[in-house]
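Asker: Coordinates in entry.cif, mmCIF, C-alpha atoms, are listed below.
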```cif
data_protein
#
loop_
_atom_site.label_atom_id
_atom_site.label_comp_id
_atom_site.auth_asym_id
_atom_site.auth_seq_id
_atom_site.Cartn_x
_atom_site.Cartn_y
_atom_site.Cartn_z
CA MET A 112 32.96 21.68 -50.27
CA VAL A 113 32.91 20.61 -46.66
CA ARG A 114 30.56 17.80 -45.82
CA LYS A 115 28.55 18.12 -42.66
CA GLN A 116 29.12 15.25 -40.36
CA SER A 117 25.92 13.71 -39.09
CA PRO A 118 25.81 13.31 -35.32
CA LYS A 119 26.70 9.85 -34.18
CA LYS A 120 23.89 7.84 -32.70
CA THR A 121 24.63 6.61 -29.25
CA THR A 122 23.07 3.49 -27.94
CA SER A 123 22.35 3.08 -24.27
CA PHE A 124 23.25 -0.23 -22.68
CA PHE A 125 20.82 0.43 -19.80
CA HIS A 126 17.34 1.42 -20.85
CA ILE A 127 14.07 0.65 -19.10
CA SER A 128 10.55 1.56 -20.08
CA PHE A 129 8.44 4.02 -18.13
CA SER A 130 6.02 1.32 -16.96
CA LEU A 131 8.90 -0.83 -15.70
CA ALA A 132 10.40 2.16 -13.86
CA ARG A 133 7.03 2.73 -12.17
CA GLU A 134 6.92 -0.87 -10.98
CA ILE A 135 10.49 -0.65 -9.70
CA TRP A 136 9.55 2.41 -7.65
CA ALA A 137 6.47 0.60 -6.37
CA VAL A 138 8.57 -2.36 -5.22
CA VAL A 139 11.14 -0.06 -3.59
CA LEU A 140 8.42 1.84 -1.70
CA ALA A 141 6.78 -1.39 -0.53
CA PHE A 142 10.05 -2.74 0.85
CA VAL A 143 10.89 0.60 2.47
CA GLY A 144 7.54 0.38 4.23
CA LEU A 145 8.26 -3.17 5.38
CA LEU A 146 11.72 -2.17 6.64
CA LEU A 147 10.20 0.71 8.59
CA ILE A 148 7.74 -1.69 10.20
CA LEU A 149 10.61 -3.96 11.23
CA ALA A 150 12.47 -0.97 12.64
CA PHE A 151 9.48 0.18 14.68
CA VAL A 152 8.92 -3.27 16.20
CA GLY A 153 12.61 -3.72 17.06
CA HIS A 154 13.66 -6.29 14.47
CA LEU A 155 16.09 -4.29 12.32
CA GLY A 156 19.21 -4.27 14.48
CA VAL A 157 21.18 -1.18 15.41
CA VAL A 158 20.06 0.77 12.35
CA GLY A 159 16.44 0.00 13.16
CA ALA A 160 16.87 1.12 16.77
CA SER A 161 18.33 4.46 15.63
CA LEU A 162 15.55 4.98 13.10
CA ASN A 163 12.93 4.08 15.69
CA ALA A 164 14.33 6.54 18.25
CA PHE A 165 14.57 9.34 15.67
CA PHE A 166 11.08 8.93 14.22
CA ARG A 167 9.47 8.26 17.61
CA HIS A 168 10.77 11.62 18.79
CA LEU A 169 9.31 13.37 15.76
CA PHE A 170 6.07 11.44 15.24
CA GLY A 171 5.36 9.70 18.56
CA ILE A 172 2.96 6.79 18.07
CA GLY A 173 2.11 8.31 14.69
CA VAL A 174 5.25 6.71 13.22
CA TRP A 175 3.01 4.04 11.71
CA ILE A 176 1.73 6.52 9.15
CA LEU A 177 5.16 6.41 7.44
CA PRO A 178 5.11 2.72 6.42
CA ALA A 179 1.38 3.09 5.68
CA LEU A 180 2.15 5.90 3.22
CA CYS A 181 4.98 3.96 1.57
CA ILE A 182 2.80 0.88 1.10
CA GLY A 183 -0.12 3.05 0.01
CA PHE A 184 2.03 4.73 -2.63
CA SER A 185 3.22 1.33 -3.82
CA PHE A 186 -0.31 -0.03 -4.03
CA SER A 187 -1.53 3.04 -5.95
CA ILE A 188 1.31 2.81 -8.46
CA PHE A 189 0.67 -0.90 -9.02
CA THR A 190 -3.10 -0.59 -9.43
CA SER A 191 -3.42 2.63 -11.45
CA GLN A 192 -1.47 3.63 -14.53
CA GLN A 193 -2.73 7.22 -14.15
CA TYR A 194 -1.32 7.63 -10.64
CA LYS A 195 1.75 9.87 -10.56
CA ILE A 196 3.78 11.00 -7.56
CA SER A 197 3.85 14.77 -8.05
CA SER A 198 4.12 17.87 -5.88
CA SER A 199 0.41 17.65 -5.04
CA VAL A 200 0.94 14.12 -3.73
CA PHE A 201 3.73 15.27 -1.42
CA LEU A 202 1.55 18.16 -0.26
CA GLY A 203 -1.25 15.71 0.46
CA ALA A 204 1.08 13.43 2.40
CA PHE A 205 2.17 16.43 4.48
CA PHE A 206 -1.47 17.29 5.21
CA MET A 207 -2.17 13.68 6.22
CA VAL A 208 0.80 13.56 8.60
CA PHE A 209 0.03 17.03 9.96
CA GLY A 210 -3.62 16.23 10.60
CA MET A 211 -3.07 12.79 12.11
CA LEU A 212 -0.24 13.80 14.46
CA GLY A 213 -2.17 16.85 15.59
CA MET A 214 -5.29 14.78 16.33
CA ILE A 215 -3.28 12.15 18.21
CA HIS A 216 -1.60 14.79 20.35
CA THR A 217 -4.86 16.61 21.03
CA ILE A 218 -6.64 13.41 22.10
CA ARG A 219 -3.87 11.90 24.22
CA VAL A 220 -2.23 14.94 25.87
CA PRO A 221 -4.09 17.14 28.40
CA PHE A 222 -4.49 20.81 27.54
CA GLU A 223 -2.15 21.97 30.33
CA ASN A 224 0.69 19.77 28.98
CA MET A 225 0.08 20.33 25.28
CA ALA A 226 3.46 22.03 24.69
CA LEU A 227 5.40 18.96 25.83
CA PRO A 228 6.41 16.42 23.14
CA HIS A 229 5.15 13.00 24.20
CA MET A 230 6.59 9.81 22.71
CA GLU A 231 3.23 8.10 23.32
CA ALA A 232 1.30 10.87 21.58
CA GLY A 233 2.07 12.94 18.48
CA GLY A 234 5.73 13.65 19.19
CA THR A 235 7.39 16.97 18.40
CA LEU A 236 5.46 17.41 15.15
CA GLY A 237 2.22 16.67 16.97
CA VAL A 238 2.91 19.61 19.28
CA ALA A 239 3.57 21.88 16.30
CA ALA A 240 0.40 20.69 14.56
CA SER A 241 -1.98 21.15 17.48
CA ALA A 242 -0.75 23.63 20.12
CA ILE A 243 -1.72 26.88 18.36
CA PHE A 244 -5.13 25.57 17.30
CA ARG A 245 -5.89 24.29 20.81
CA LEU A 246 -5.22 27.78 22.19
CA TRP A 247 -7.47 29.43 19.61
CA ILE A 248 -10.40 27.04 19.07
CA GLY A 249 -10.14 24.47 21.88
CA ASP A 250 -9.70 20.72 21.72
CA MET A 251 -12.93 19.79 19.93
CA GLY A 252 -12.49 22.48 17.29
CA THR A 253 -8.88 21.39 16.78
CA ILE A 254 -9.86 17.76 16.25
CA ILE A 255 -12.56 18.68 13.71
CA LEU A 256 -10.20 21.05 11.87
CA LEU A 257 -7.34 18.55 11.74
CA LEU A 258 -9.71 15.77 10.66
CA GLY A 259 -10.66 17.92 7.69
CA VAL A 260 -6.98 18.56 6.93
CA PHE A 261 -6.35 14.81 7.08
CA PHE A 262 -9.14 14.01 4.60
CA VAL A 263 -7.99 16.75 2.20
CA GLY A 264 -4.50 15.22 2.38
CA LEU A 265 -5.95 11.77 1.76
CA LEU A 266 -7.66 12.95 -1.42
CA LEU A 267 -4.55 14.75 -2.68
CA THR A 268 -2.21 11.88 -1.82
CA PHE A 269 -4.09 9.05 -3.45
CA GLN A 270 -5.89 11.14 -6.10
CA THR A 271 -9.25 9.55 -5.48
CA SER A 272 -12.67 10.38 -4.06
CA LEU A 273 -13.89 9.75 -0.53
CA PHE A 274 -16.60 7.50 -1.96
CA ALA A 275 -13.95 5.29 -3.56
CA VAL A 276 -11.95 5.19 -0.32
CA PHE A 277 -14.94 4.23 1.81
CA SER A 278 -16.08 1.70 -0.79
CA MET A 279 -12.66 0.06 -0.71
CA LEU A 280 -12.70 -0.04 3.10
CA TRP A 281 -16.22 -1.47 3.11
CA ASN A 282 -15.25 -4.17 0.61
CA MET A 283 -12.19 -5.07 2.71
CA ILE A 284 -14.32 -5.36 5.87
CA PHE A 285 -17.00 -7.39 4.09
CA SER A 286 -14.42 -9.71 2.53
CA PHE A 287 -12.78 -10.27 5.93
CA TRP A 288 -16.14 -11.01 7.56
CA ASP A 289 -17.20 -13.31 4.74
CA ALA A 290 -13.90 -15.20 5.01
CA ARG A 291 -14.50 -15.71 8.75
CA CYS A 292 -17.96 -17.05 7.99
CA LYS A 293 -16.54 -19.58 5.54
CA ILE A 294 -13.95 -20.68 8.11
CA TRP A 295 -16.67 -21.17 10.73
CA TRP A 296 -18.80 -23.11 8.28
CA ALA A 297 -15.86 -25.31 7.24
CA ALA A 298 -15.15 -26.06 10.90
CA GLY A 299 -18.70 -27.38 11.31
CA TRP A 300 -19.90 -24.50 13.48
CA SER A 301 -18.96 -26.47 16.55
CA ASN A 302 -19.08 -23.40 18.79
CA LEU A 303 -22.53 -22.25 17.61
CA SER A 304 -25.85 -23.55 18.85
CA LEU A 305 -28.04 -24.72 15.96
CA SER A 306 -31.59 -25.94 16.24
CA PRO A 307 -32.07 -29.69 15.59
CA GLY A 308 -32.13 -30.44 11.90
CA ALA A 309 -31.05 -26.90 10.92
CA ALA A 310 -28.39 -26.63 8.23
CA PRO A 311 -25.39 -24.38 8.98
CA PRO A 312 -25.39 -21.09 7.05
CA ARG A 313 -23.08 -20.93 4.08
CA THR A 314 -22.80 -17.14 3.77
CA CYS A 315 -22.78 -14.16 6.11
CA ALA A 316 -26.24 -13.16 4.85
CA ASP A 317 -27.65 -16.38 6.33
CA LEU A 318 -26.57 -15.32 9.82
CA ASN A 319 -29.34 -12.70 10.08
#
```
Please render this file's structure as structure tokens.

Answerer:
Amino acid sequence: MVRKQSPKKTTSFFHISFSLAREIWAVVLAFVGLLLILAFVGHLGVVGASLNAFFRHLFGIGVWILPALCIGFSFSIFTSQQYKISSSVFLGAFFMVFGMLGMIHTIRVPFENMALPHMEAGGTLGVAASAIFRLWIGDMGTIILLLGVFFVGLLLTFQTSLFAVFSMLWNMIFSFWDARCKIWWAAGWSNLSLSPGAAPPRTCADLN
């Protein structure tokens, strides 16, 4: 009688959990975004200069959406366990880039020169995203259409609602303004005219 040999169990010397892999990807994306920023401001040497020239030709001044997307992906992965980078996320990122570059090119380039790629506008991709629509529905219609495409891409990319996005932006603006108020108050409000005997406001609500 021949005994069946049980399969040997192999042990992996390099194993990481799914949550740790997510955080590694988040860190990588954040640093890629930071490196792109350094490249676009001219502080990444020869490699940065080549990257800047390449992406400026494609995206024009819209190159800043690339590091913004990388950092946005990183932030979403860090803050939400349900967030997954899937095909719908990539489609949303494409819609965001398409809509933004098209709007930039439409706003900054006159109609008669819309077929020319401008480094200070939407670049080559901006021409592709806007030229046909400008011929069919004009500049204003193109901007409204591409703005809608951008917001659809925003929802797909970050898998959230517009209400949550605007709430986050509002909280960021309010926090920034409240921090400025606290700095002014700590400095003694030396640059503000207060009535005699009046106490300096301690919060932004006291300014009204």

Asker: Which residue out of A:Gly203, A:Gly213, A:Gly237, A:Gly159 has the minimum interatomic distance to Thr253 of chain A when all atoms listed in the file are used?

Answerer: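 For Thr253 of chain A, the nearest of the candidates is A:Gly213.
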
Asker: Measure the distance from atom CA of Phe170 of chain A to atom CA of Phe142 of chain A in Å and round it to one decimal.

Answerer: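 Separation between atom CA of Phe170 of chain A and atom CA of Phe142 of chain A: 20.6 Å.
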
Asker: Expand the PyMOL selection byres ((chain A and resi 172-177) around 7) into the explicit residue set it covers here, and present it as an NGL selection string.

Answerer: :A and (166-167 or 170-171 or 178-181 or 212 or 230-233)

Asker: Give me a file of those residues, with C-alpha atoms, as a compact mmCIF listing (two decimals), keeping the file's coordinate frame.

Answerer:
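Okay, part.txt is ready:
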```
# COMPACT_ATOMS: atom_id res chain seq x y z
CA PHE A 166 11.08 8.93 14.22
CA ARG A 167 9.47 8.26 17.61
CA PHE A 170 6.07 11.44 15.24
CA GLY A 171 5.36 9.70 18.56
CA PRO A 178 5.11 2.72 6.42
CA ALA A 179 1.38 3.09 5.68
CA LEU A 180 2.15 5.90 3.22
CA CYS A 181 4.98 3.96 1.57
CA LEU A 212 -0.24 13.80 14.46
CA MET A 230 6.59 9.81 22.71
CA GLU A 231 3.23 8.10 23.32
CA ALA A 232 1.30 10.87 21.58
CA GLY A 233 2.07 12.94 18.48
```

Asker: Using the chain letters and numbers from the file, give me the residues hit by the PyMOL selection byres ((chain A and resi 222) around 9), as a PyMOL selection string.

Answerer: chain A and resi 217+220-221+223-226+242+245-246+249-250

Asker: Near Phe206 of chain A, counting only C-alpha atoms, which residues have an atom at most 12 Å away, once you skip same-chain residues fewer than 6 positions from it, shown as a PDB file with C-alpha atoms, in the coordinates of the input?

Answerer:
```pdb
ATOM      1  CA  ILE A 176       1.730   6.520   9.150  1.00  0.00           C
ATOM      2  CA  SER A 199       0.410  17.650  -5.040  1.00  0.00           C
ATOM      3  CA  VAL A 200       0.940  14.120  -3.730  1.00  0.00           C
ATOM      4  CA  LEU A 212      -0.240  13.800  14.460  1.00  0.00           C
ATOM      5  CA  GLY A 213      -2.170  16.850  15.590  1.00  0.00           C
ATOM      6  CA  ALA A 240       0.400  20.690  14.560  1.00  0.00           C
ATOM      7  CA  LEU A 256     -10.200  21.050  11.870  1.00  0.00           C
ATOM      8  CA  LEU A 257      -7.340  18.550  11.740  1.00  0.00           C
ATOM      9  CA  LEU A 258      -9.710  15.770  10.660  1.00  0.00           C
ATOM     10  CA  GLY A 259     -10.660  17.920   7.690  1.00  0.00           C
ATOM     11  CA  VAL A 260      -6.980  18.560   6.930  1.00  0.00           C
ATOM     12  CA  PHE A 261      -6.350  14.810   7.080  1.00  0.00           C
ATOM     13  CA  PHE A 262      -9.140  14.010   4.600  1.00  0.00           C
ATOM     14  CA  VAL A 263      -7.990  16.750   2.200  1.00  0.00           C
ATOM     15  CA  GLY A 264      -4.500  15.220   2.380  1.00  0.00           C
ATOM     16  CA  LEU A 265      -5.950  11.770   1.760  1.00  0.00           C
ATOM     17  CA  LEU A 266      -7.660  12.950  -1.420  1.00  0.00           C
ATOM     18  CA  LEU A 267      -4.550  14.750  -2.680  1.00  0.00           C
ATOM     19  CA  THR A 268      -2.210  11.880  -1.820  1.00  0.00           C
TER      20      THR A 268
END
```

Asker: Rounded to one decimal, what separation in Å do you get between atom CA of His229 of chain A and atom CA of His216 of chain A?

Answerer: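 Result for atom CA of His229 of chain A versus atom CA of His216 of chain A: 8.0 Å, one decimal.
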
Asker: Between atom CA of Phe205 of chain A and atom CA of Gly234 of chain A, what distance in Å does the model show, to one decimal?

Answerer: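 Atom CA of Gly234 of chain A lies at a distance of 15.4 Å from atom CA of Phe205 of chain A.
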
Asker: Rank nothing, just name the residue among A:Ala164, A:Val138, A:Leu273, A:Ile248 nearest to Ala150 of chain A, using all atoms listed in the file.

Answerer: A:Ala164

Asker: Kindly indicate which residue among A:Leu227, A:Met251, A:Leu162, A:Ala137 lies nearest to Ile196 of chain A, using all atoms listed in the file for the distances.

Answerer: A:Ala137

Asker: Using all atoms listed in the file, pick whichever of A:Val158, A:Ile218, A:Ala290, A:Ile188 has the shortest atom-to-atom distance to Leu146 of chain A.

Answerer: A:Val158

Asker: Choose the residue, out of A:Gly210, A:Phe277, A:Ile284, A:His168, that has the smallest atom-to-atom separation from Phe244 of chain A; count all atoms listed in the file.

Answerer: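 Residue with the minimum atom-to-atom distance to Phe244 of chain A: A:Gly210.
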
Asker: Specify as a ChimeraX atom specification each residue included when the PyMOL selection byres ((chain A and resi 134) around 12) is applied to this file.

Answerer: /A:127-133,135-141,184-192,194-195

Asker: Point out the residue among A:Phe287, A:Phe165, A:Val143, A:Gly183 with the least atom-to-atom distance to Ala204 of chain A, counting all atoms listed in the file.

Answerer: A:Gly183

Asker: Put a box with edges along x, y and z around all the listed atoms of segment 137-150 of chain A, pad it by 3 Å on each side, then give me its centre and sizes in Å, one decimal, as lines of an AutoDock Vina configuration file.

Answerer:
```
center_x = 9.5
center_y = -1.1
center_z = 3.1
size_x = 12.0
size_y = 11.8
size_z = 25.0
```
